[in-house]
Amino acid sequence: MNVTAPTQPRYRPLTFGVTRVNVRGGDSGVQYLAADVPLQGFGERMSDRLIHWASTTPDETFIAQRERLPDGQLGDWRRVSYAQALDAARRIGQALLDRGLSPERPVVILSDNGIDHALLALGCIYVGIPFSPASPAYSTISKDYGKLRHVIDTLTPGLVWAEDGDRYGPALAATAPADAEIVVSRHADHAQLKDRPVTLLADLLATEPTPAVDAAQVATGADTIVKFLFTSGSTKLPKAVINTHRMWCANQQQMRQSMPILTEERPVLIDWLPWNHTFGGNHNVGMVLNNGGTLYIDEGKPTPALIGETLRNLREIAPTMYFNVPTGFEAIANAMKTDDALRRNFLSRVKMFFYAGASLAQPVWDALFESAEREVGERIVMTCGFGMTESSPYGLFVTSPDVKAGDLGLPTPGMEVKLAPSNGKLEIRYRGPNITPGYWRAPEATAEAFDEEGFFCTGDAVTWCDPANPHAGLRFDGRIAEDFKLATGTFVSVGPLRGRVITGGAPYIQDVVVTGLDRKEVGALVFPTQAVRSLVDLPADAPMAEVLKQRPVLQKFQSLVTDLSLTATGSANRVTRLMLMAEPPSIDLGEVTDKGSINQRAVLKHRDALVQALYDETPGHIVIKPGTNL
């Protein structure tokens, strides 16, 4: 009998720069990994790239953002060319020099992604004055401004900027030091700022540059601090990660070698990822600036209220590469099933998808592939990688189109990886030119972060995809600090158990937080995907909280927890109870890390009342258990 071999999927061509790794052994089971290609030379400062593109492609768009109309709607694109960006950077840079700012008195930025935000940052970069973009949630959601006060106290800024005086006025009034200048782009007359002199950003932009501004640019170098990026601070107060020109320039060259697409065409991105996180602010903004590309600021987000703006933008802007978190890809995949215009434009020239984190559900992957094959006759490669704020962030990248959820790939050129045994797992540690020198004004935290060989200790665990073939790369194995013991003393390995729950609940589970510390049983807080809506007959805009109360949804998850219980081998991997989360994990609260993966500790901290209800079965909360009639 003749057996027809399965047809291999056809992918839009994409070259992978690192496909092999050199491995050497060390003492006590330690292993060292490095790409088998060396890191090529890189520049000393990112401002040189702005000067280069302003000279060679002065009229090309560097950054674009939709203008906000008087009625609050978003209109046409406002574009800033490379020549205009350089002119603004020199003018703002001169104004910052005139104010005597320095690493001891840097600039703090409170607002979301935007053109003014970008121009102020470029001015800082040009003259070597560090800046720090704080999470907008610290100013707009927080009631006591606790984390914002910590940012201010840590950095002692000489200038604090926010785009809108009305929106950020209360936070500015409450936290800006008396000796720090307040600058806004509009609404400088907010009532709570009436007792403080407030400068308009337009005044900085009106400053005439002198020879001093270009002398300051030349004086910056590899060790000059570009910015401070704060960690999520899920268990302690956030730490200010020092980001230097060397880190950023090296990482951009590492990206070019791992992702040769960057050498083949200038990137065009449409992106919402926040600049106070390293993925959006270093990885994506840096990618555009380093390679002469164009960044369209997407003011949508992967939430029911804002995803419409993202879809609108993708119907109009055709990216060459596309980055998002799993919930964003899920929403886009669902929309493309019926939205011909979205599918046609979005897929017209994109060469690569990239998701952050380790939990993109396979049905979402399949839906993206199906839409691509239907529209363009081939799949778009879905890629992923691994990094963190302290690594600029790019560290590992996949090596082929055959990617599975949790795959991380191999180290980027020039960065050495150390796999160190820790509590029965392998902790991944980094050393290279893209690694931070430490935390600002925190010598003890800096010393604790590095081992005796100078490797940065990530706290992340990995395992080999194929122990017999190191070139197949590494897989994520959870956070070492997330593992815990039950009250019985039984050790729970969170990473594998979380993966088991997600796989068992596909396509209805986006992510899972495992509970049970000092309890007798393991439980789970489950973040569902939008696919659960297909289980019920409710309007498409019905609140998720209402969807999750419906009997078909509860029965589906009861079946899951029953299966998990029956197939468990012991109390350490027997999930006895679930609770469905209507609110998705929050980036601003640190529930999603800079890698895009779930931060178990942050979720457990911010949702402690729900964990209590999960075990106490508090009235008003639905706890799903095996064998319960729903």
# chains A, B, ... in the order shown; residues from 1 in each chain; ligands from 1

call {"tool": "residues_around", "arguments": {"residues": "region 61-72 of chain A", "least_positions_apart": "4", "cutoff": "6 Å", "atoms": "only C-alpha atoms", "output": "CSV table (one decimal) with C-alpha atoms, in the first residue's frame"}}
result
chain,number,residue,atom,x,y,z
A,76,ASP,CA,-4.9,61.3,10.0
A,77,TRP,CA,-1.2,60.5,10.6
A,78,ARG,CA,1.2,63.1,11.8
A,79,ARG,CA,4.6,62.2,10.5
A,80,VAL,CA,8.1,63.2,11.7
A,81,SER,CA,11.0,62.6,9.2
A,82,TYR,CA,14.5,61.7,10.2
A,294,THR,CA,9.4,53.7,10.3
A,295,LEU,CA,7.4,53.3,13.5
A,296,TYR,CA,3.6,53.9,13.5
A,297,ILE,CA,2.3,54.4,17.0

call {"tool": "residues_around", "arguments": {"residues": "region 269-274 of chain A", "least_positions_apart": "3", "cutoff": "7 Å", "atoms": "only C-alpha atoms", "output": "NGL selection string"}}
result
:A and (112-113 or 277 or 280-281 or 294-301 or 319-322)

call {"tool": "write_last_selection", "arguments": {"atoms": "N, CA and C atoms", "output": "PDB file, in the first residue's frame"}}
result
ATOM      1  N   ASP A 112       2.292  58.202  27.966  1.00  0.00           N
ATOM      2  CA  ASP A 112       2.261  57.074  27.036  1.00  0.00           C
ATOM      3  C   ASP A 112       3.165  57.334  25.833  1.00  0.00           C
ATOM      4  N   ASN A 113       3.259  56.321  24.964  1.00  0.00           N
ATOM      5  CA  ASN A 113       3.966  56.463  23.699  1.00  0.00           C
ATOM      6  C   ASN A 113       3.383  57.637  22.918  1.00  0.00           C
ATOM      7  N   HIS A 277       8.531  49.841  29.060  1.00  0.00           N
ATOM      8  CA  HIS A 277       8.995  48.455  29.091  1.00  0.00           C
ATOM      9  C   HIS A 277      10.057  48.277  28.022  1.00  0.00           C
ATOM     10  N   GLY A 280       9.005  47.298  24.115  1.00  0.00           N
ATOM     11  CA  GLY A 280       8.587  48.389  23.253  1.00  0.00           C
ATOM     12  C   GLY A 280       9.646  49.469  23.118  1.00  0.00           C
ATOM     13  N   GLY A 281      10.227  49.901  24.245  1.00  0.00           N
ATOM     14  CA  GLY A 281      11.098  51.061  24.250  1.00  0.00           C
ATOM     15  C   GLY A 281      12.507  50.821  23.765  1.00  0.00           C
ATOM     16  N   THR A 294      10.470  52.819   9.963  1.00  0.00           N
ATOM     17  CA  THR A 294       9.363  53.701  10.323  1.00  0.00           C
ATOM     18  C   THR A 294       8.519  53.032  11.406  1.00  0.00           C
ATOM     19  N   LEU A 295       8.209  53.801  12.438  1.00  0.00           N
ATOM     20  CA  LEU A 295       7.374  53.312  13.527  1.00  0.00           C
ATOM     21  C   LEU A 295       6.061  54.078  13.540  1.00  0.00           C
ATOM     22  N   TYR A 296       4.961  53.362  13.317  1.00  0.00           N
ATOM     23  CA  TYR A 296       3.624  53.920  13.464  1.00  0.00           C
ATOM     24  C   TYR A 296       3.133  53.577  14.867  1.00  0.00           C
ATOM     25  N   ILE A 297       2.798  54.593  15.630  1.00  0.00           N
ATOM     26  CA  ILE A 297       2.329  54.379  17.000  1.00  0.00           C
ATOM     27  C   ILE A 297       0.867  53.936  16.959  1.00  0.00           C
ATOM     28  N   ASP A 298       0.621  52.765  17.480  1.00  0.00           N
ATOM     29  CA  ASP A 298      -0.736  52.216  17.552  1.00  0.00           C
ATOM     30  C   ASP A 298      -1.320  52.572  18.910  1.00  0.00           C
ATOM     31  N   GLU A 299      -2.360  53.377  18.911  1.00  0.00           N
ATOM     32  CA  GLU A 299      -2.989  53.755  20.179  1.00  0.00           C
ATOM     33  C   GLU A 299      -4.093  52.786  20.586  1.00  0.00           C
ATOM     34  N   GLY A 300      -4.171  51.679  19.873  1.00  0.00           N
ATOM     35  CA  GLY A 300      -5.017  50.584  20.318  1.00  0.00           C
ATOM     36  C   GLY A 300      -4.266  49.716  21.300  1.00  0.00           C
ATOM     37  N   LYS A 301      -4.956  48.759  21.868  1.00  0.00           N
ATOM     38  CA  LYS A 301      -4.353  47.792  22.780  1.00  0.00           C
ATOM     39  C   LYS A 301      -5.177  46.505  22.702  1.00  0.00           C
ATOM     40  N   PRO A 319       2.764  46.257   7.947  1.00  0.00           N
ATOM     41  CA  PRO A 319       4.094  46.143   8.555  1.00  0.00           C
ATOM     42  C   PRO A 319       4.952  45.103   7.837  1.00  0.00           C
ATOM     43  N   THR A 320       6.256  45.231   8.015  1.00  0.00           N
ATOM     44  CA  THR A 320       7.170  44.202   7.513  1.00  0.00           C
ATOM     45  C   THR A 320       7.421  43.138   8.569  1.00  0.00           C
ATOM     46  N   MET A 321       7.292  43.514   9.833  1.00  0.00           N
ATOM     47  CA  MET A 321       7.399  42.606  10.974  1.00  0.00           C
ATOM     48  C   MET A 321       6.312  43.028  11.949  1.00  0.00           C
ATOM     49  N   TYR A 322       5.821  42.085  12.750  1.00  0.00           N
ATOM     50  CA  TYR A 322       4.753  42.455  13.670  1.00  0.00           C
ATOM     51  C   TYR A 322       4.967  41.808  15.022  1.00  0.00           C
TER      52      TYR A 322
END

call {"tool": "residues_around", "arguments": {"residues": "Arg344 (chain A)", "least_positions_apart": "6", "cutoff": "12 Å", "atoms": "only C-alpha atoms", "output": "list in words"}}
result
Leu314, Arg315, Glu316, Ile317, Ala318, Met336, Lys337, Thr338, Val350, Ser371, Ala372, Glu373, Arg374, Glu375, Val376 and Gly377 of chain A

call {"tool": "residues_around", "arguments": {"residues": "Val218 (chain A)", "least_positions_apart": "4", "cutoff": "9 Å", "atoms": "only C-alpha atoms", "output": "list of chain:residue names"}}
result
A:Tyr126, A:Val127, A:Val213, A:Asp214

call {"tool": "write_last_selection", "arguments": {"atoms": "N, CA and C atoms", "output": "PDB file, in the first residue's frame"}}
result
ATOM      1  N   TYR A 126      20.726  62.501  22.641  1.00  0.00           N
ATOM      2  CA  TYR A 126      21.690  63.242  21.826  1.00  0.00           C
ATOM      3  C   TYR A 126      22.780  63.887  22.695  1.00  0.00           C
ATOM      4  N   VAL A 127      22.407  64.442  23.828  1.00  0.00           N
ATOM      5  CA  VAL A 127      23.387  65.184  24.639  1.00  0.00           C
ATOM      6  C   VAL A 127      23.855  64.413  25.869  1.00  0.00           C
ATOM      7  N   VAL A 213      25.778  71.739  21.734  1.00  0.00           N
ATOM      8  CA  VAL A 213      24.928  70.567  21.656  1.00  0.00           C
ATOM      9  C   VAL A 213      25.611  69.450  20.867  1.00  0.00           C
ATOM     10  N   ASP A 214      26.316  69.809  19.796  1.00  0.00           N
ATOM     11  CA  ASP A 214      27.023  68.787  19.022  1.00  0.00           C
ATOM     12  C   ASP A 214      28.277  68.318  19.750  1.00  0.00           C
TER      13      ASP A 214
END

call {"tool": "closest_residue", "arguments": {"among": "A:Gly409, A:Pro13, A:Gly29, A:Pro433", "to": "Glu264 (chain A)", "atoms": "only C-alpha atoms"}}
result
A:Pro13

call {"tool": "atom_distance", "arguments": {"atom1": "CA of Asp451 (chain A)", "atom2": "CA of Tyr430 (chain A)"}}
result
10.1 Å

call {"tool": "select_by_dssp", "arguments": {"residues": "region 31-122 of chain A", "states": "helix (DSSP H, G or I)", "output": "NGL selection string"}}
result
:A and (47-56 or 82-98 or 115-122)

call {"tool": "write_last_selection", "arguments": {"atoms": "N, CA and C atoms", "output": "mmCIF file, in the first residue's frame"}}
result
data_model
loop_
_atom_site.group_PDB
_atom_site.id
_atom_site.type_symbol
_atom_site.label_atom_id
_atom_site.label_comp_id
_atom_site.auth_asym_id
_atom_site.auth_seq_id
_atom_site.Cartn_x
_atom_site.Cartn_y
_atom_site.Cartn_z
ATOM 1 N N SER A 47 22.732 57.730 19.049
ATOM 2 C CA SER A 47 22.489 59.016 18.398
ATOM 3 C C SER A 47 23.184 59.103 17.051
ATOM 4 N N ASP A 48 24.270 58.341 16.866
ATOM 5 C CA ASP A 48 24.936 58.320 15.559
ATOM 6 C C ASP A 48 24.006 57.789 14.472
ATOM 7 N N ARG A 49 23.113 56.889 14.839
ATOM 8 C CA ARG A 49 22.184 56.327 13.854
ATOM 9 C C ARG A 49 21.163 57.380 13.422
ATOM 10 N N LEU A 50 20.740 58.219 14.355
ATOM 11 C CA LEU A 50 19.826 59.304 13.997
ATOM 12 C C LEU A 50 20.516 60.266 13.035
ATOM 13 N N ILE A 51 21.761 60.610 13.319
ATOM 14 C CA ILE A 51 22.518 61.500 12.434
ATOM 15 C C ILE A 51 22.689 60.852 11.053
ATOM 16 N N HIS A 52 22.993 59.567 11.039
ATOM 17 C CA HIS A 52 23.196 58.863 9.774
ATOM 18 C C HIS A 52 21.952 58.902 8.907
ATOM 19 N N TRP A 53 20.809 58.545 9.462
ATOM 20 C CA TRP A 53 19.592 58.482 8.649
ATOM 21 C C TRP A 53 19.089 59.869 8.293
ATOM 22 N N ALA A 54 19.314 60.853 9.155
ATOM 23 C CA ALA A 54 18.929 62.221 8.820
ATOM 24 C C ALA A 54 19.744 62.757 7.654
ATOM 25 N N SER A 55 20.933 62.194 7.472
ATOM 26 C CA SER A 55 21.788 62.601 6.359
ATOM 27 C C SER A 55 21.469 61.828 5.083
ATOM 28 N N THR A 56 21.254 60.515 5.206
ATOM 29 C CA THR A 56 21.090 59.675 4.012
ATOM 30 C C THR A 56 19.639 59.572 3.548
ATOM 31 N N TYR A 82 13.219 61.825 9.530
ATOM 32 C CA TYR A 82 14.493 61.719 10.242
ATOM 33 C C TYR A 82 15.154 63.079 10.387
ATOM 34 N N ALA A 83 15.075 63.927 9.360
ATOM 35 C CA ALA A 83 15.668 65.261 9.458
ATOM 36 C C ALA A 83 14.956 66.087 10.523
ATOM 37 N N GLN A 84 13.641 66.004 10.571
ATOM 38 C CA GLN A 84 12.886 66.736 11.584
ATOM 39 C C GLN A 84 13.180 66.212 12.987
ATOM 40 N N ALA A 85 13.339 64.898 13.112
ATOM 41 C CA ALA A 85 13.645 64.311 14.422
ATOM 42 C C ALA A 85 15.011 64.775 14.916
ATOM 43 N N LEU A 86 15.999 64.835 14.020
ATOM 44 C CA LEU A 86 17.323 65.299 14.418
ATOM 45 C C LEU A 86 17.282 66.773 14.822
ATOM 46 N N ASP A 87 16.570 67.590 14.056
ATOM 47 C CA ASP A 87 16.457 69.004 14.404
ATOM 48 C C ASP A 87 15.818 69.179 15.781
ATOM 49 N N ALA A 88 14.752 68.429 16.046
ATOM 50 C CA ALA A 88 14.086 68.515 17.350
ATOM 51 C C ALA A 88 15.005 68.033 18.461
ATOM 52 N N ALA A 89 15.758 66.957 18.211
ATOM 53 C CA ALA A 89 16.661 66.427 19.224
ATOM 54 C C ALA A 89 17.736 67.449 19.587
ATOM 55 N N ARG A 90 18.275 68.161 18.605
ATOM 56 C CA ARG A 90 19.314 69.153 18.863
ATOM 57 C C ARG A 90 18.730 70.334 19.638
ATOM 58 N N ARG A 91 17.536 70.758 19.285
ATOM 59 C CA ARG A 91 16.906 71.879 19.985
ATOM 60 C C ARG A 91 16.583 71.510 21.440
ATOM 61 N N ILE A 92 15.949 70.366 21.624
ATOM 62 C CA ILE A 92 15.625 69.937 22.989
ATOM 63 C C ILE A 92 16.902 69.666 23.759
ATOM 64 N N GLY A 93 17.883 69.035 23.099
ATOM 65 C CA GLY A 93 19.156 68.777 23.766
ATOM 66 C C GLY A 93 19.802 70.046 24.267
ATOM 67 N N GLN A 94 19.771 71.108 23.457
ATOM 68 C CA GLN A 94 20.333 72.388 23.893
ATOM 69 C C GLN A 94 19.591 72.910 25.120
ATOM 70 N N ALA A 95 18.263 72.818 25.100
ATOM 71 C CA ALA A 95 17.474 73.279 26.243
ATOM 72 C C ALA A 95 17.811 72.494 27.506
ATOM 73 N N LEU A 96 18.057 71.202 27.360
ATOM 74 C CA LEU A 96 18.399 70.379 28.526
ATOM 75 C C LEU A 96 19.783 70.733 29.050
ATOM 76 N N LEU A 97 20.721 70.977 28.148
ATOM 77 C CA LEU A 97 22.052 71.414 28.577
ATOM 78 C C LEU A 97 21.971 72.742 29.321
ATOM 79 N N ASP A 98 21.153 73.659 28.818
ATOM 80 C CA ASP A 98 21.000 74.972 29.463
ATOM 81 C C ASP A 98 20.497 74.829 30.892
ATOM 82 N N ILE A 115 4.659 61.066 19.828
ATOM 83 C CA ILE A 115 5.712 61.790 19.125
ATOM 84 C C ILE A 115 6.473 62.706 20.072
ATOM 85 N N ASP A 116 5.781 63.459 20.914
ATOM 86 C CA ASP A 116 6.479 64.346 21.846
ATOM 87 C C ASP A 116 7.367 63.552 22.799
ATOM 88 N N HIS A 117 6.872 62.423 23.264
ATOM 89 C CA HIS A 117 7.657 61.528 24.114
ATOM 90 C C HIS A 117 8.942 61.133 23.387
ATOM 91 N N ALA A 118 8.804 60.737 22.114
ATOM 92 C CA ALA A 118 9.963 60.295 21.341
ATOM 93 C C ALA A 118 10.966 61.430 21.137
ATOM 94 N N LEU A 119 10.487 62.625 20.821
ATOM 95 C CA LEU A 119 11.397 63.743 20.567
ATOM 96 C C LEU A 119 12.143 64.151 21.831
ATOM 97 N N LEU A 120 11.454 64.165 22.966
ATOM 98 C CA LEU A 120 12.132 64.482 24.223
ATOM 99 C C LEU A 120 13.198 63.436 24.533
ATOM 100 N N ALA A 121 12.868 62.160 24.315
ATOM 101 C CA ALA A 121 13.838 61.092 24.554
ATOM 102 C C ALA A 121 15.052 61.245 23.639
ATOM 103 N N LEU A 122 14.822 61.579 22.365
ATOM 104 C CA LEU A 122 15.935 61.765 21.432
ATOM 105 C C LEU A 122 16.816 62.936 21.854
#

call {"tool": "closest_residue", "arguments": {"among": "A:Leu474, A:Val241, A:Val494, A:Leu33", "to": "Phe386 (chain A)", "atoms": "only C-alpha atoms"}}
result
A:Leu474

call {"tool": "closest_residue", "arguments": {"among": "A:Tyr439, A:Tyr394, A:Phe354, A:Phe346", "to": "Thr154 (chain A)", "atoms": "only C-alpha atoms"}}
result
A:Tyr439

call {"tool": "atom_distance", "arguments": {"atom1": "CA of Arg577 (chain A)", "atom2": "CA of Tyr615 (chain A)"}}
result
8.1 Å

call {"tool": "residues_around", "arguments": {"residues": "Val492 (chain A)", "least_positions_apart": "3", "cutoff": "8 Å", "atoms": "only C-alpha atoms", "output": "PyMOL selection string"}}
result
chain A and resi 483-486+572-573

call {"tool": "closest_residue", "arguments": {"among": "A:Thr436, A:Gln555, A:Gln612, A:Gln600", "to": "Lys625 (chain A)", "atoms": "only C-alpha atoms"}}
result
A:Gln555

call {"tool": "residues_around", "arguments": {"residues": "Gly165 (chain A)", "least_positions_apart": "2", "cutoff": "10 Å", "atoms": "only C-alpha atoms", "output": "PyMOL selection string"}}
result
chain A and resi 161-163+167-172+182-193+198+200

call {"tool": "residues_around", "arguments": {"residues": "Leu564 (chain A)", "least_positions_apart": "5", "cutoff": "10 Å", "atoms": "only C-alpha atoms", "output": "MDAnalysis selection string"}}
result
chainID A and resid 497 500:501 504:505 558:559 569 573:576 626

call {"tool": "write_last_selection", "arguments": {"atoms": "all heavy atoms", "output": "short mmCIF file (atom, residue, chain, number, x, y, z; two decimals), in the first residue's frame"}}
result
data_model
loop_
_atom_site.label_atom_id
_atom_site.label_comp_id
_atom_site.auth_asym_id
_atom_site.auth_seq_id
_atom_site.Cartn_x
_atom_site.Cartn_y
_atom_site.Cartn_z
N LEU A 497 3.37 22.29 35.39
CA LEU A 497 1.95 22.17 35.73
C LEU A 497 1.14 23.23 34.99
O LEU A 497 0.06 22.94 34.46
CB LEU A 497 1.76 22.30 37.24
CG LEU A 497 0.32 22.19 37.76
CD1 LEU A 497 -0.33 20.89 37.30
CD2 LEU A 497 0.28 22.30 39.28
N ARG A 500 0.66 22.15 31.50
CA ARG A 500 -0.32 21.05 31.40
C ARG A 500 -1.75 21.59 31.42
O ARG A 500 -2.62 21.12 30.67
CB ARG A 500 -0.09 20.09 32.56
CG ARG A 500 -0.97 18.86 32.57
CD ARG A 500 -0.44 17.81 33.53
NE ARG A 500 -1.49 16.89 33.93
CZ ARG A 500 -2.07 16.88 35.12
NH1 ARG A 500 -1.68 17.73 36.06
NH2 ARG A 500 -3.02 16.02 35.41
N VAL A 501 -2.01 22.59 32.27
CA VAL A 501 -3.35 23.16 32.34
C VAL A 501 -3.69 23.90 31.05
O VAL A 501 -4.79 23.77 30.50
CB VAL A 501 -3.47 24.10 33.55
CG1 VAL A 501 -4.86 24.75 33.59
CG2 VAL A 501 -3.21 23.35 34.85
N GLY A 504 -4.30 21.37 28.27
CA GLY A 504 -5.57 20.66 28.48
C GLY A 504 -6.78 21.53 28.20
O GLY A 504 -7.83 21.03 27.80
N GLY A 505 -6.64 22.84 28.40
CA GLY A 505 -7.78 23.74 28.22
C GLY A 505 -7.81 24.48 26.89
O GLY A 505 -8.67 25.34 26.68
N GLN A 558 -15.23 22.67 34.16
CA GLN A 558 -15.36 21.57 35.11
C GLN A 558 -14.84 20.28 34.49
O GLN A 558 -14.17 19.48 35.16
CB GLN A 558 -16.82 21.38 35.51
CG GLN A 558 -16.98 20.28 36.57
CD GLN A 558 -18.44 19.96 36.84
OE1 GLN A 558 -19.12 19.40 35.99
NE2 GLN A 558 -18.91 20.36 38.02
N SER A 559 -15.10 20.07 33.23
CA SER A 559 -14.56 18.90 32.54
C SER A 559 -13.04 18.92 32.56
O SER A 559 -12.39 17.89 32.75
CB SER A 559 -15.08 18.87 31.10
OG SER A 559 -14.50 17.80 30.37
N THR A 569 -0.60 12.45 39.03
CA THR A 569 0.16 11.36 39.64
C THR A 569 0.39 11.57 41.13
O THR A 569 0.98 10.72 41.79
CB THR A 569 1.51 11.21 38.94
OG1 THR A 569 2.23 12.45 39.03
CG2 THR A 569 1.32 10.84 37.48
N ASN A 573 0.74 17.68 41.38
CA ASN A 573 0.25 18.06 40.06
C ASN A 573 -1.24 17.77 39.88
O ASN A 573 -1.72 17.64 38.77
CB ASN A 573 1.07 17.39 38.95
CG ASN A 573 1.03 15.87 39.02
OD1 ASN A 573 0.17 15.29 39.69
ND2 ASN A 573 1.95 15.24 38.33
N ARG A 574 -1.95 17.68 41.01
CA ARG A 574 -3.40 17.47 40.97
C ARG A 574 -4.08 18.81 41.24
O ARG A 574 -4.07 19.31 42.37
CB ARG A 574 -3.85 16.44 41.99
CG ARG A 574 -5.38 16.21 41.97
CD ARG A 574 -5.82 15.14 42.95
NE ARG A 574 -5.32 13.83 42.54
CZ ARG A 574 -4.41 13.13 43.21
NH1 ARG A 574 -3.91 13.63 44.35
NH2 ARG A 574 -4.01 11.96 42.77
N VAL A 575 -4.67 19.40 40.22
CA VAL A 575 -5.39 20.66 40.36
C VAL A 575 -6.79 20.35 40.85
O VAL A 575 -7.56 19.66 40.17
CB VAL A 575 -5.43 21.43 39.03
CG1 VAL A 575 -6.21 22.73 39.18
CG2 VAL A 575 -4.02 21.71 38.52
N THR A 576 -7.13 20.86 42.01
CA THR A 576 -8.41 20.51 42.63
C THR A 576 -9.47 21.59 42.50
O THR A 576 -10.62 21.36 42.85
CB THR A 576 -8.21 20.20 44.12
OG1 THR A 576 -7.78 21.40 44.79
CG2 THR A 576 -7.15 19.12 44.32
N PRO A 626 -13.76 19.33 40.57
CA PRO A 626 -14.15 18.08 39.90
C PRO A 626 -15.46 17.53 40.47
O PRO A 626 -15.68 17.56 41.68
CB PRO A 626 -12.99 17.14 40.21
CG PRO A 626 -11.86 18.01 40.61
CD PRO A 626 -12.47 19.21 41.26
#

call {"tool": "atom_distance", "arguments": {"atom1": "CA of Ala305 (chain A)", "atom2": "CA of Met287 (chain A)"}}
result
28.7 Å

call {"tool": "closest_residue", "arguments": {"among": "A:Ser135, A:Thr57, A:Thr244, A:Thr263", "to": "Ala222 (chain A)", "atoms": "only C-alpha atoms"}}
result
A:Thr244

call {"tool": "closest_atom_pairs", "arguments": {"of": "region 198-312 of chain A", "to": "region 526-537 of chain A", "cutoff": "12 Å", "atoms": "only C-alpha atoms", "output": "tab-separated table"}}
result
residue	atom	partner	partner_atom	distance
A:Pro302	CA	A:Gln530	CA	11.1
A:Thr303	CA	A:Gln530	CA	10.4
A:Pro304	CA	A:Gln530	CA	9.6

call {"tool": "closest_residue", "arguments": {"among": "A:Leu580, A:Cys384, A:Ile125, A:Met352", "to": "Ile261 (chain A)", "atoms": "only C-alpha atoms"}}
result
A:Met352

call {"tool": "decode", "arguments": {"residues": "region 364-378 of chain A", "atoms": "N, CA and C atoms", "output": "short mmCIF file (atom, residue, chain, number, x, y, z; two decimals), in the first residue's frame"}}
result
data_model
loop_
_atom_site.label_atom_id
_atom_site.label_comp_id
_atom_site.auth_asym_id
_atom_site.auth_seq_id
_atom_site.Cartn_x
_atom_site.Cartn_y
_atom_site.Cartn_z
N VAL A 364 -4.66 29.69 18.30
CA VAL A 364 -4.39 31.02 17.76
C VAL A 364 -3.37 30.92 16.64
N TRP A 365 -2.33 30.15 16.90
CA TRP A 365 -1.32 29.88 15.88
C TRP A 365 -1.99 29.33 14.61
N ASP A 366 -2.82 28.32 14.80
CA ASP A 366 -3.48 27.67 13.67
C ASP A 366 -4.35 28.65 12.89
N ALA A 367 -5.05 29.54 13.62
CA ALA A 367 -5.92 30.51 12.95
C ALA A 367 -5.10 31.51 12.13
N LEU A 368 -3.95 31.93 12.65
CA LEU A 368 -3.08 32.84 11.89
C LEU A 368 -2.57 32.16 10.63
N PHE A 369 -2.15 30.90 10.78
CA PHE A 369 -1.68 30.15 9.61
C PHE A 369 -2.79 30.00 8.57
N GLU A 370 -3.99 29.69 9.04
CA GLU A 370 -5.11 29.47 8.13
C GLU A 370 -5.42 30.74 7.33
N SER A 371 -5.44 31.88 8.02
CA SER A 371 -5.72 33.14 7.32
C SER A 371 -4.63 33.46 6.30
N ALA A 372 -3.37 33.22 6.67
CA ALA A 372 -2.27 33.52 5.76
C ALA A 372 -2.32 32.61 4.53
N GLU A 373 -2.57 31.33 4.76
CA GLU A 373 -2.63 30.40 3.62
C GLU A 373 -3.80 30.75 2.71
N ARG A 374 -4.87 31.18 3.29
CA ARG A 374 -6.05 31.56 2.51
C ARG A 374 -5.78 32.82 1.68
N GLU A 375 -5.07 33.77 2.26
CA GLU A 375 -4.89 35.07 1.61
C GLU A 375 -3.69 35.10 0.68
N VAL A 376 -2.55 34.57 1.13
CA VAL A 376 -1.31 34.71 0.34
C VAL A 376 -0.70 33.37 -0.05
N GLY A 377 -1.34 32.26 0.34
CA GLY A 377 -0.87 30.96 -0.10
C GLY A 377 0.31 30.41 0.66
N GLU A 378 0.68 31.04 1.74
CA GLU A 378 1.80 30.56 2.56
C GLU A 378 1.64 31.09 3.98
#
